[in-house]
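What's in entry-v3.cif: mmCIF, C-alpha atoms
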```cif
data_input
#
loop_
_atom_site.label_atom_id
_atom_site.label_comp_id
_atom_site.auth_asym_id
_atom_site.auth_seq_id
_atom_site.Cartn_x
_atom_site.Cartn_y
_atom_site.Cartn_z
CA MET A 1 -10.37 115.74 -106.04
CA SER A 2 -13.20 117.49 -107.89
CA LEU A 3 -11.30 120.75 -108.50
CA HIS A 4 -10.88 121.49 -112.22
CA PRO A 5 -7.24 120.95 -113.34
CA THR A 6 -7.07 124.57 -114.57
CA LEU A 7 -7.81 125.78 -111.04
CA GLN A 8 -5.43 123.44 -109.19
CA PRO A 9 -2.28 125.64 -109.53
CA TYR A 10 -4.16 128.56 -107.93
CA ALA A 11 -5.40 126.39 -105.06
CA ASP A 12 -1.88 125.02 -104.53
CA ALA A 13 -0.34 128.51 -104.55
CA TRP A 14 -2.92 129.82 -102.06
CA THR A 15 -2.34 126.84 -99.76
CA HIS A 16 1.44 127.30 -99.87
CA SER A 17 1.25 131.03 -99.10
CA VAL A 18 -1.45 130.93 -96.43
CA GLU A 19 0.30 128.11 -94.57
CA ALA A 20 3.56 130.09 -94.74
CA ILE A 21 1.72 133.09 -93.25
CA SER A 22 0.31 130.92 -90.46
CA GLU A 23 3.81 129.63 -89.70
CA LEU A 24 5.25 133.17 -89.64
CA LEU A 25 2.66 134.28 -87.09
CA GLN A 26 3.04 131.44 -84.56
CA PRO A 27 6.09 132.78 -82.67
CA LEU A 28 5.10 136.48 -82.73
CA ALA A 29 4.84 138.48 -79.51
CA GLU A 30 1.83 140.80 -79.22
CA ALA A 31 3.94 143.90 -79.97
CA GLU A 32 5.21 142.42 -83.25
CA TRP A 33 1.66 142.43 -84.62
CA ASN A 34 1.89 146.23 -84.70
CA ARG A 35 4.99 146.37 -86.91
CA ARG A 36 4.65 148.40 -90.08
CA THR A 37 4.62 146.51 -93.36
CA PRO A 38 5.47 147.83 -96.86
CA CYS A 39 1.72 147.83 -97.59
CA PRO A 40 0.75 151.52 -97.13
CA GLY A 41 -0.95 152.19 -93.81
CA TRP A 42 -1.07 148.54 -92.72
CA SER A 43 0.59 146.76 -89.80
CA VAL A 44 1.23 143.01 -89.54
CA ARG A 45 -2.18 142.66 -87.87
CA ASP A 46 -3.84 144.65 -90.68
CA VAL A 47 -2.31 142.51 -93.42
CA VAL A 48 -3.41 139.31 -91.66
CA SER A 49 -6.91 140.82 -91.19
CA HIS A 50 -7.03 141.52 -94.93
CA VAL A 51 -6.00 137.95 -95.77
CA ILE A 52 -8.69 136.59 -93.41
CA GLY A 53 -11.23 138.98 -94.94
CA LEU A 54 -10.34 137.93 -98.51
CA ASP A 55 -10.89 134.28 -97.65
CA CYS A 56 -14.13 135.01 -95.79
CA GLU A 57 -15.40 136.62 -98.98
CA MET A 58 -14.25 133.65 -101.06
CA LEU A 59 -16.35 131.55 -98.64
CA GLY A 60 -19.37 133.80 -99.23
CA ASP A 61 -19.53 135.10 -95.65
CA PRO A 62 -21.48 138.35 -95.21
CA ARG A 63 -19.32 141.46 -95.01
CA PRO A 64 -19.06 143.13 -91.59
CA ILE A 65 -21.36 146.05 -90.82
CA HIS A 66 -18.85 148.63 -89.67
CA SER A 67 -18.22 152.38 -89.93
CA LEU A 68 -14.70 153.36 -90.93
CA PRO A 69 -12.94 156.18 -89.07
CA ARG A 70 -12.56 159.36 -91.13
CA ASP A 71 -8.84 159.82 -90.40
CA LEU A 72 -7.38 156.85 -92.33
CA PHE A 73 -4.89 158.72 -94.53
CA HIS A 74 -4.15 155.69 -96.73
CA VAL A 75 -7.81 155.24 -97.73
CA THR A 76 -8.40 157.53 -100.70
CA ASN A 77 -10.88 155.76 -102.98
CA GLU A 78 -13.89 153.43 -102.95
CA HIS A 79 -11.84 150.28 -103.63
CA GLN A 80 -9.60 151.02 -100.64
CA ARG A 81 -12.64 151.75 -98.46
CA TYR A 82 -14.06 148.37 -99.45
CA MET A 83 -10.80 146.57 -98.56
CA GLU A 84 -10.33 148.51 -95.32
CA MET A 85 -13.62 147.32 -93.81
CA GLN A 86 -12.35 143.78 -93.06
CA VAL A 87 -9.13 145.29 -91.67
CA ASP A 88 -10.50 148.00 -89.40
CA VAL A 89 -13.09 145.72 -87.82
CA ARG A 90 -10.20 143.55 -86.48
CA ARG A 91 -7.83 146.34 -85.38
CA HIS A 92 -8.35 145.60 -81.66
CA HIS A 93 -8.20 141.82 -81.91
CA THR A 94 -5.51 140.08 -79.86
CA ALA A 95 -2.81 137.82 -81.32
CA PRO A 96 -4.60 134.61 -80.17
CA GLU A 97 -7.88 135.85 -81.69
CA MET A 98 -6.13 136.58 -84.99
CA THR A 99 -4.30 133.25 -85.25
CA SER A 100 -7.42 131.29 -84.23
CA GLU A 101 -9.56 133.03 -86.84
CA LEU A 102 -6.95 132.50 -89.54
CA GLU A 103 -6.68 128.77 -88.72
CA TYR A 104 -10.46 128.38 -88.77
CA VAL A 105 -10.74 130.18 -92.13
CA ILE A 106 -7.97 127.99 -93.60
CA ILE A 107 -9.85 124.84 -92.51
CA ARG A 108 -13.08 126.11 -94.05
CA ARG A 109 -11.39 127.17 -97.31
CA ASN A 110 -9.60 123.83 -97.65
CA ARG A 111 -12.97 122.10 -97.30
CA GLN A 112 -14.48 124.46 -99.88
CA LEU A 113 -11.66 123.75 -102.35
CA ARG A 114 -11.97 119.98 -101.86
CA ASN A 115 -15.66 120.22 -102.77
CA GLU A 116 -15.28 122.78 -105.59
CA SER A 117 -16.73 121.26 -108.75
CA ARG A 118 -17.68 124.39 -110.70
CA ASP A 119 -16.30 125.13 -114.15
CA PRO A 120 -13.43 127.70 -114.31
CA GLY A 121 -15.64 129.96 -116.44
CA THR A 122 -18.42 130.17 -113.84
CA LYS A 123 -19.25 133.78 -112.99
CA VAL A 124 -18.68 134.70 -109.32
CA ARG A 125 -19.00 137.89 -107.29
CA GLY A 126 -15.85 139.99 -106.93
CA PRO A 127 -14.97 143.15 -104.95
CA LEU A 128 -17.49 146.02 -105.03
CA GLY A 129 -20.10 143.80 -106.68
CA SER A 130 -18.00 143.14 -109.79
CA GLU A 131 -18.43 139.90 -111.72
CA LEU A 132 -15.51 137.74 -112.80
CA THR A 133 -14.85 134.12 -113.64
CA LEU A 134 -14.01 131.61 -110.93
CA GLU A 135 -10.60 131.11 -112.59
CA GLU A 136 -9.78 134.83 -112.52
CA SER A 137 -11.05 135.10 -108.95
CA MET A 138 -8.81 132.25 -107.75
CA ARG A 139 -5.86 133.56 -109.77
CA ARG A 140 -6.17 137.05 -108.27
CA HIS A 141 -6.62 135.58 -104.81
CA ALA A 142 -3.48 133.43 -105.05
CA PHE A 143 -1.59 136.51 -106.25
CA ASP A 144 -2.91 138.72 -103.42
CA VAL A 145 -2.11 136.25 -100.67
CA TRP A 146 1.45 135.67 -101.96
CA VAL A 147 2.09 139.45 -102.15
CA HIS A 148 0.84 139.83 -98.58
CA GLU A 149 3.03 136.93 -97.46
CA GLN A 150 5.95 138.96 -98.84
CA ASP A 151 4.71 142.08 -96.97
CA LEU A 152 4.79 140.11 -93.72
CA ARG A 153 8.21 138.61 -94.47
CA THR A 154 9.63 142.09 -95.07
CA ALA A 155 8.11 143.49 -91.87
CA LEU A 156 9.32 140.55 -89.76
CA GLY A 157 12.76 140.20 -91.37
CA ARG A 158 11.99 136.66 -92.55
CA PRO A 159 12.69 136.62 -96.32
CA GLY A 160 11.71 133.59 -98.37
CA ASN A 161 9.37 131.96 -100.92
CA LEU A 162 10.38 134.35 -103.70
CA ASP A 163 10.24 131.38 -106.08
CA SER A 164 7.21 129.60 -104.60
CA PRO A 165 4.07 128.61 -106.59
CA GLY A 166 2.53 131.97 -105.67
CA ALA A 167 5.57 133.80 -107.05
CA LEU A 168 5.06 132.23 -110.48
CA ILE A 169 1.41 133.28 -110.51
CA ALA A 170 2.46 136.79 -109.43
CA ARG A 171 4.91 136.88 -112.34
CA ASP A 172 2.13 136.10 -114.83
CA VAL A 173 -0.35 138.55 -113.26
CA LEU A 174 2.17 141.40 -113.24
CA LEU A 175 3.45 140.67 -116.76
CA GLY A 176 -0.14 140.72 -118.00
CA GLU A 177 -0.38 144.37 -116.91
CA LEU A 178 2.84 145.50 -118.64
CA PRO A 179 1.43 146.26 -122.12
CA ARG A 180 -1.08 148.67 -120.51
CA VAL A 181 1.65 150.29 -118.41
CA VAL A 182 3.94 150.83 -121.39
CA ALA A 183 1.52 151.60 -124.23
CA GLU A 184 -1.37 153.37 -122.48
CA LYS A 185 -0.01 154.88 -119.28
CA ALA A 186 3.58 155.69 -120.30
CA GLN A 187 2.54 156.47 -123.90
CA ALA A 188 5.53 154.69 -125.45
CA PRO A 189 6.11 155.68 -129.10
CA ARG A 190 4.25 153.72 -131.75
CA SER A 191 6.23 151.00 -133.55
CA SER A 192 8.67 150.75 -130.64
CA ALA A 193 9.85 147.99 -128.32
CA ILE A 194 10.68 148.07 -124.61
CA VAL A 195 12.62 145.26 -122.94
CA LEU A 196 12.24 144.11 -119.33
CA ASP A 197 15.10 141.97 -118.01
CA VAL A 198 14.43 140.48 -114.57
CA HIS A 199 16.95 138.32 -112.68
CA GLY A 200 16.96 136.54 -109.34
CA PRO A 201 14.83 133.64 -107.96
CA VAL A 202 12.34 134.19 -110.81
CA GLU A 203 14.04 135.15 -114.09
CA PHE A 204 12.59 136.27 -117.40
CA LEU A 205 13.22 138.52 -120.39
CA ARG A 206 10.16 140.06 -122.03
CA THR A 207 9.55 142.55 -124.84
CA ILE A 208 6.58 144.90 -124.92
CA ARG A 209 5.93 145.89 -128.54
CA VAL A 210 3.80 148.92 -129.33
CA ASP A 211 2.20 148.71 -132.78
CA ILE A 212 1.31 151.48 -135.21
CA GLN A 213 -2.10 151.89 -133.52
CA GLY A 214 -0.45 152.33 -130.13
CA ARG A 215 -1.49 148.93 -128.77
CA GLY A 216 0.97 147.01 -126.59
CA THR A 217 1.65 143.27 -126.69
CA LEU A 218 3.89 141.09 -124.55
CA GLU A 219 6.41 138.84 -126.34
CA THR A 220 9.17 136.46 -125.31
CA ALA A 221 11.30 137.21 -128.38
CA PRO A 222 14.11 139.72 -127.67
CA ALA A 223 14.02 143.05 -129.49
CA LEU A 224 16.87 144.51 -131.52
CA GLY A 225 17.43 148.19 -130.79
CA PRO A 226 14.68 148.68 -128.16
CA ALA A 227 13.60 152.22 -127.27
CA ALA A 228 14.26 151.40 -123.62
CA THR A 229 15.52 148.55 -121.45
CA LEU A 230 14.84 148.07 -117.73
CA THR A 231 16.98 145.61 -115.77
CA LEU A 232 16.17 144.76 -112.16
CA ASP A 233 15.90 141.88 -109.71
CA TRP A 234 12.67 139.95 -109.12
CA GLU A 235 12.03 141.22 -105.58
CA THR A 236 12.45 144.85 -106.67
CA TYR A 237 10.13 144.26 -109.65
CA VAL A 238 7.41 142.89 -107.36
CA ARG A 239 7.78 145.69 -104.82
CA LEU A 240 7.65 148.37 -107.54
CA ALA A 241 4.72 146.84 -109.40
CA CYS A 242 2.76 146.41 -106.14
CA GLY A 243 3.42 149.97 -104.96
CA ARG A 244 5.59 148.97 -101.99
CA VAL A 245 8.52 151.19 -103.00
CA THR A 246 9.14 154.21 -105.22
CA PRO A 247 11.53 154.10 -108.20
CA GLU A 248 13.72 156.67 -106.41
CA SER A 249 14.11 154.50 -103.29
CA VAL A 250 15.37 151.50 -105.32
CA SER A 251 17.36 153.37 -107.97
CA ASP A 252 20.51 151.47 -106.92
CA ARG A 253 18.76 148.20 -107.85
CA LEU A 254 17.52 149.46 -111.22
CA LYS A 255 19.42 149.79 -114.48
CA THR A 256 17.80 151.69 -117.34
CA GLU A 257 19.01 152.15 -120.92
CA GLY A 258 17.58 154.09 -123.84
CA ASP A 259 15.21 157.06 -123.84
CA PRO A 260 15.38 158.56 -120.31
CA GLU A 261 11.99 160.27 -120.62
CA LEU A 262 10.35 157.01 -121.64
CA THR A 263 11.99 154.97 -118.84
CA ALA A 264 10.95 157.66 -116.33
CA ALA A 265 7.35 157.54 -117.62
CA ILE A 266 7.27 153.73 -117.38
CA LEU A 267 8.61 153.77 -113.82
CA ARG A 268 6.14 156.51 -112.81
CA ASN A 269 3.30 154.25 -113.92
CA PHE A 270 4.78 150.92 -112.86
CA THR A 271 2.39 150.26 -109.95
CA VAL A 272 -0.50 148.08 -111.10
CA THR A 273 -2.19 147.12 -107.81
CA GLN A 274 -4.58 149.30 -105.84
#
```
Would you give me this structure, written as structure tokens?
Amino acid sequence: MSLHPTLQPYADAWTHSVEAISELLQPLAEAEWNRRTPCPGWSVRDVVSHVIGLDCEMLGDPRPIHSLPRDLFHVTNEHQRYMEMQVDVRRHHTAPEMTSELEYVIIRRNRQLRNESRDPGTKVRGPLGSELTLEESMRRHAFDVWVHEQDLRTALGRPGNLDSPGALIARDVLLGELPRVVAEKAQAPRSSAIVLDVHGPVEFLRTIRVDIQGRGTLETAPALGPAATLTLDWETYVRLACGRVTPESVSDRLKTEGDPELTAAILRNFTVTQ
């Protein structure tokens, strides 16, 4: 195995999630591919198309030359247009075409990962021509594929893998965004602390401290007398942070304490994925 040890957890998480997706799809009837998922505007087929497209880009395949329809209500910015291309080009593919393409892409990606000898810091091409490190690219990819596995599980009524390797990577990715959510977007008061208490298959307690300059940092130490505390289960946290639900629709699964204006501002800005 030539893969750098730093990258192995991301490869393992991707493998676990993509194989789970493949397994979920095997028994589906053609009509089930059209079921709505929690991912705005996307059906089961669309989510699978996106996963295939993501891996094709990781393989360095050329992007499809395709004109998007003008009436896609869920496509509102350039990033979404970029992501929609791989989806719309497959909208009329049959179930056997979809499963065959996914299997072929998985085979090719496994071969690529077996032969991957680059350093984690190597610069690679990301979405919309951005540049990021190989480590960040693989980390984001493992996160994306696990979130989309959860989209499919919700749509198909097949819950599971909320504590899988991909779930742990998702936890770290989402927690990494919290200081920005609290300090910059929600404008939490300076010299304050906000506590996030998450329970369920993945459990953690984190404090976001906002310093005198208004910068946020994430800490594991509990805070005494926080300005606000949010308590929720892991699945709800993921669905909120990934824009799959609104705070109002899951209010029965959320407990907030402290400054109501601050908690409302945090929840308004909780979504961190595009």
**Interatomic distance, atom CA of A:Ala228 to atom CA of A:Arg206 (Å, one decimal)** =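 A separation of 12.2 Å between them.
In this model, the gap between atom CA of A:His93 and atom CA of A:Cys56 comes to 16.6 Å.
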Box in all listed atoms of stretch 160-178 of chain A, axis-aligned, with 6 Å more on each side; write out centre and edge lengths in Å to one decimal as AutoDock Vina command-line options.
```
--center_x 5.7 --center_y 137.1 --center_z -108.5 --size_x 24.1 --size_y 28.9 --size_z 32.3
```
**Request:** Starting from the displayed file, determine the output of the PyMOL selection byres ((chain A and resi 256) around 9) and express the residue list as a list in words.
**Result:** Ala228, Thr229, Leu230, Thr231, Leu232, Leu254, Lys255, Glu257, Gly258, Asp259, Pro260 and Thr263 of chain A
Identify all residues satisfying the PyMOL selection byres ((chain A and resi 101-114) around 7) in the given file; provide them as a tab-separated table (two decimals) with C-alpha atoms, in the frame of the given file.
```
chain	number	residue	atom	x	y	z
A	1	MET	CA	-10.37	115.74	-106.04
A	2	SER	CA	-13.20	117.49	-107.89
A	3	LEU	CA	-11.30	120.75	-108.50
A	52	ILE	CA	-8.69	136.59	-93.41
A	55	ASP	CA	-10.89	134.28	-97.65
A	56	CYS	CA	-14.13	135.01	-95.79
A	59	LEU	CA	-16.35	131.55	-98.64
A	97	GLU	CA	-7.88	135.85	-81.69
A	98	MET	CA	-6.13	136.58	-84.99
A	99	THR	CA	-4.30	133.25	-85.25
A	100	SER	CA	-7.42	131.29	-84.23
A	115	ASN	CA	-15.66	120.22	-102.77
A	116	GLU	CA	-15.28	122.78	-105.59
```
**Request:** State, in Å with one decimal place, the distance from atom CA of A:Glu30 to atom CA of A:Ala95.
**Result:** 5.9 Å
**Selection under test: the PyMOL selection byres ((chain A and resi 138) around 12); residues as a ChimeraX atom specification** = /A:3-4,6-15,54-55,57-59,109,113,116,120-126,132-137,139-145,166,169,173
**Request:** Rank A:His16, A:Asn34, A:Leu28, A:Ile212 by their smallest atom-to-atom distance to A:Arg158, using only C-alpha atoms, and report the top residue only.
**Result:**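 Smallest distance to A:Arg158 is found for A:Leu28.
Among the candidates A:Ala188, A:Val272, A:Leu156, A:Leu175, the residue lying nearest to A:Arg36 is A:Leu156 (atoms considered: all atoms listed in the file).
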**Message:** Excluding A:Ala241 and its own-chain neighbours fewer than 2 positions away, which residues fall within 9 Å of it when counting all atoms listed in the file? Please give them as a ChimeraX atom specification.
**Reply:** /A:174,236-239,243-245,269-273
Output for the residues just chosen: C-alpha atoms as a PDB file, in the frame of the given file:
```
ATOM      1  CA  LEU A 174       2.170 141.400-113.240  1.00  0.00           C
ATOM      2  CA  THR A 236      12.450 144.850-106.670  1.00  0.00           C
ATOM      3  CA  TYR A 237      10.130 144.260-109.650  1.00  0.00           C
ATOM      4  CA  VAL A 238       7.410 142.890-107.360  1.00  0.00           C
ATOM      5  CA  ARG A 239       7.780 145.690-104.820  1.00  0.00           C
ATOM      6  CA  GLY A 243       3.420 149.970-104.960  1.00  0.00           C
ATOM      7  CA  ARG A 244       5.590 148.970-101.990  1.00  0.00           C
ATOM      8  CA  VAL A 245       8.520 151.190-103.000  1.00  0.00           C
ATOM      9  CA  ASN A 269       3.300 154.250-113.920  1.00  0.00           C
ATOM     10  CA  PHE A 270       4.780 150.920-112.860  1.00  0.00           C
ATOM     11  CA  THR A 271       2.390 150.260-109.950  1.00  0.00           C
ATOM     12  CA  VAL A 272      -0.500 148.080-111.100  1.00  0.00           C
ATOM     13  CA  THR A 273      -2.190 147.120-107.810  1.00  0.00           C
TER      14      THR A 273
END
```
**Request:** Using only C-alpha atoms, pick whichever of A:Ala264, A:Leu162, A:Leu68, A:Ala186 has the shortest atom-to-atom distance to A:Gly200.
**Result:** A:Leu162
**Item:** Residue nearest A:Pro27 - candidates A:Pro69, A:Pro96, A:Gly216, A:Pro222, atoms counted: all atoms listed in the file
**Value:** A:Pro96
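In terms of minimum interatomic distance to A:Pro189, A:Asp211 ranks closest within A:Gly225, A:Asp211, A:Glu78, A:Glu19, counting only C-alpha atoms.
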